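Remarks on the structure that follows.
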Amino acid sequence: MFRDNYVSSHSFMVKFKQLKAKLDERTEVHLDSEYHRELKEYIERVYQQTCLADFFSDKTLDDMRDAEMTNLNRLQKLKNAISYKKDKHKLQHENEDWG
């Protein structure tokens, strides 16, 4: 939603509240990885800044776009780094000769 310049603050809040409600309905699974902790904190922080804020306008949303897209890219890199490590180690073990 941050990438789409035509999303208004009202439509962002409505959609984000829907997504957060769906996420909150799920039973919580405790995953103790840096990526999952950061993602959970990110969702809570954006929810506080947008849906629970006293005043959230189109200008506020526009001001947030670049910073939040940077944060999302950082989260994506963190997720990919974890995935890359798993794949890298998986290949090492497949090529080992035990006898």
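By convention in this document, the chains of the structure tokens carry letters A, B, ... by their order, each chain's residues are numbered from 1, and ligands are numbered from 1 in the order they are shown.
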
Check your understanding: Which residues come within 9 Å of Ser57 (chain A), counting only C-alpha atoms, excluding same-chain residues fewer than 6 positions away, as a PyMOL selection string?
Key -> chain A and resi 8-10+50

Check your understanding: Just asking: which residues within chain A are helix (DSSP H, G or I) according to DSSP, as a ChimeraX atom specification?
Key -> /A:9-25,34-50,58-94

Give me a file of those residues, with C-alpha atoms, as a PDB file, in the first residue's frame.
ATOM      1  CA  SER A   9      -5.083   7.823   4.245  1.00  0.00           C
ATOM      2  CA  HIS A  10      -8.666   6.682   4.823  1.00  0.00           C
ATOM      3  CA  SER A  11      -8.417   3.665   2.513  1.00  0.00           C
ATOM      4  CA  PHE A  12      -5.018   2.806   4.032  1.00  0.00           C
ATOM      5  CA  MET A  13      -6.490   2.821   7.542  1.00  0.00           C
ATOM      6  CA  VAL A  14      -9.482   0.697   6.526  1.00  0.00           C
ATOM      7  CA  LYS A  15      -7.336  -1.883   4.742  1.00  0.00           C
ATOM      8  CA  PHE A  16      -4.668  -1.973   7.466  1.00  0.00           C
ATOM      9  CA  LYS A  17      -7.312  -2.454  10.179  1.00  0.00           C
ATOM     10  CA  GLN A  18      -8.795  -5.357   8.202  1.00  0.00           C
ATOM     11  CA  LEU A  19      -5.410  -7.006   7.759  1.00  0.00           C
ATOM     12  CA  LYS A  20      -4.479  -6.489  11.423  1.00  0.00           C
ATOM     13  CA  ALA A  21      -7.837  -7.933  12.544  1.00  0.00           C
ATOM     14  CA  LYS A  22      -7.270 -11.034  10.391  1.00  0.00           C
ATOM     15  CA  LEU A  23      -3.780 -11.400  11.829  1.00  0.00           C
ATOM     16  CA  ASP A  24      -5.065 -11.015  15.397  1.00  0.00           C
ATOM     17  CA  GLU A  25      -7.700 -13.723  14.810  1.00  0.00           C
ATOM     18  CA  GLU A  34      15.002 -11.844  14.602  1.00  0.00           C
ATOM     19  CA  TYR A  35      12.868 -11.521  11.451  1.00  0.00           C
ATOM     20  CA  HIS A  36       9.624 -12.510  13.193  1.00  0.00           C
ATOM     21  CA  ARG A  37      10.281 -10.227  16.158  1.00  0.00           C
ATOM     22  CA  GLU A  38      11.087  -7.283  13.866  1.00  0.00           C
ATOM     23  CA  LEU A  39       8.035  -7.953  11.695  1.00  0.00           C
ATOM     24  CA  LYS A  40       5.715  -8.058  14.701  1.00  0.00           C
ATOM     25  CA  GLU A  41       7.196  -4.823  16.068  1.00  0.00           C
ATOM     26  CA  TYR A  42       6.887  -3.194  12.646  1.00  0.00           C
ATOM     27  CA  ILE A  43       3.188  -4.080  12.316  1.00  0.00           C
ATOM     28  CA  GLU A  44       2.441  -2.799  15.823  1.00  0.00           C
ATOM     29  CA  ARG A  45       4.359   0.436  15.242  1.00  0.00           C
ATOM     30  CA  VAL A  46       2.638   1.199  11.928  1.00  0.00           C
ATOM     31  CA  TYR A  47      -0.735   0.381  13.490  1.00  0.00           C
ATOM     32  CA  GLN A  48      -0.027   2.826  16.329  1.00  0.00           C
ATOM     33  CA  GLN A  49       1.112   5.565  13.933  1.00  0.00           C
ATOM     34  CA  THR A  50      -1.819   5.211  11.556  1.00  0.00           C
ATOM     35  CA  ASP A  58      -2.955  12.084   3.311  1.00  0.00           C
ATOM     36  CA  LYS A  59       0.026  14.342   4.007  1.00  0.00           C
ATOM     37  CA  THR A  60       1.061  12.181   6.962  1.00  0.00           C
ATOM     38  CA  LEU A  61       0.817   9.080   4.785  1.00  0.00           C
ATOM     39  CA  ASP A  62       2.909  10.718   2.057  1.00  0.00           C
ATOM     40  CA  ASP A  63       5.533  11.705   4.636  1.00  0.00           C
ATOM     41  CA  MET A  64       5.692   8.103   5.892  1.00  0.00           C
ATOM     42  CA  ARG A  65       6.020   6.406   2.496  1.00  0.00           C
ATOM     43  CA  ASP A  66       9.775   6.600   1.891  1.00  0.00           C
ATOM     44  CA  ALA A  67      10.763   5.754   5.451  1.00  0.00           C
ATOM     45  CA  GLU A  68       8.364   2.819   5.680  1.00  0.00           C
ATOM     46  CA  MET A  69       9.377   1.439   2.303  1.00  0.00           C
ATOM     47  CA  THR A  70      12.990   1.525   3.534  1.00  0.00           C
ATOM     48  CA  ASN A  71      11.952  -0.349   6.674  1.00  0.00           C
ATOM     49  CA  LEU A  72      10.067  -2.922   4.591  1.00  0.00           C
ATOM     50  CA  ASN A  73      13.119  -3.433   2.386  1.00  0.00           C
ATOM     51  CA  ARG A  74      15.239  -3.974   5.489  1.00  0.00           C
ATOM     52  CA  LEU A  75      12.764  -6.594   6.744  1.00  0.00           C
ATOM     53  CA  GLN A  76      12.767  -8.308   3.358  1.00  0.00           C
ATOM     54  CA  LYS A  77      16.582  -8.437   3.361  1.00  0.00           C
ATOM     55  CA  LEU A  78      16.528  -9.905   6.863  1.00  0.00           C
ATOM     56  CA  LYS A  79      14.058 -12.562   5.744  1.00  0.00           C
ATOM     57  CA  ASN A  80      16.121 -13.388   2.661  1.00  0.00           C
ATOM     58  CA  ALA A  81      19.354 -13.574   4.657  1.00  0.00           C
ATOM     59  CA  ILE A  82      17.837 -16.197   6.946  1.00  0.00           C
ATOM     60  CA  SER A  83      16.529 -18.153   3.976  1.00  0.00           C
ATOM     61  CA  TYR A  84      19.886 -17.903   2.218  1.00  0.00           C
ATOM     62  CA  LYS A  85      21.733 -19.326   5.222  1.00  0.00           C
ATOM     63  CA  LYS A  86      19.413 -22.314   5.348  1.00  0.00           C
ATOM     64  CA  ASP A  87      19.852 -23.012   1.646  1.00  0.00           C
ATOM     65  CA  LYS A  88      23.609 -22.552   1.883  1.00  0.00           C
ATOM     66  CA  HIS A  89      23.958 -25.020   4.757  1.00  0.00           C
ATOM     67  CA  LYS A  90      21.568 -27.455   3.127  1.00  0.00           C
ATOM     68  CA  LEU A  91      23.823 -27.638   0.062  1.00  0.00           C
ATOM     69  CA  GLN A  92      26.900 -28.214   2.234  1.00  0.00           C
ATOM     70  CA  HIS A  93      25.324 -31.225   3.921  1.00  0.00           C
ATOM     71  CA  GLU A  94      24.055 -32.743   0.673  1.00  0.00           C
TER      72      GLU A  94
END

Check your understanding: Just how far from CA of Leu31 (chain A) is CA of Cys51 (chain A), in Å to one decimal?
Key -> 25.8 Å
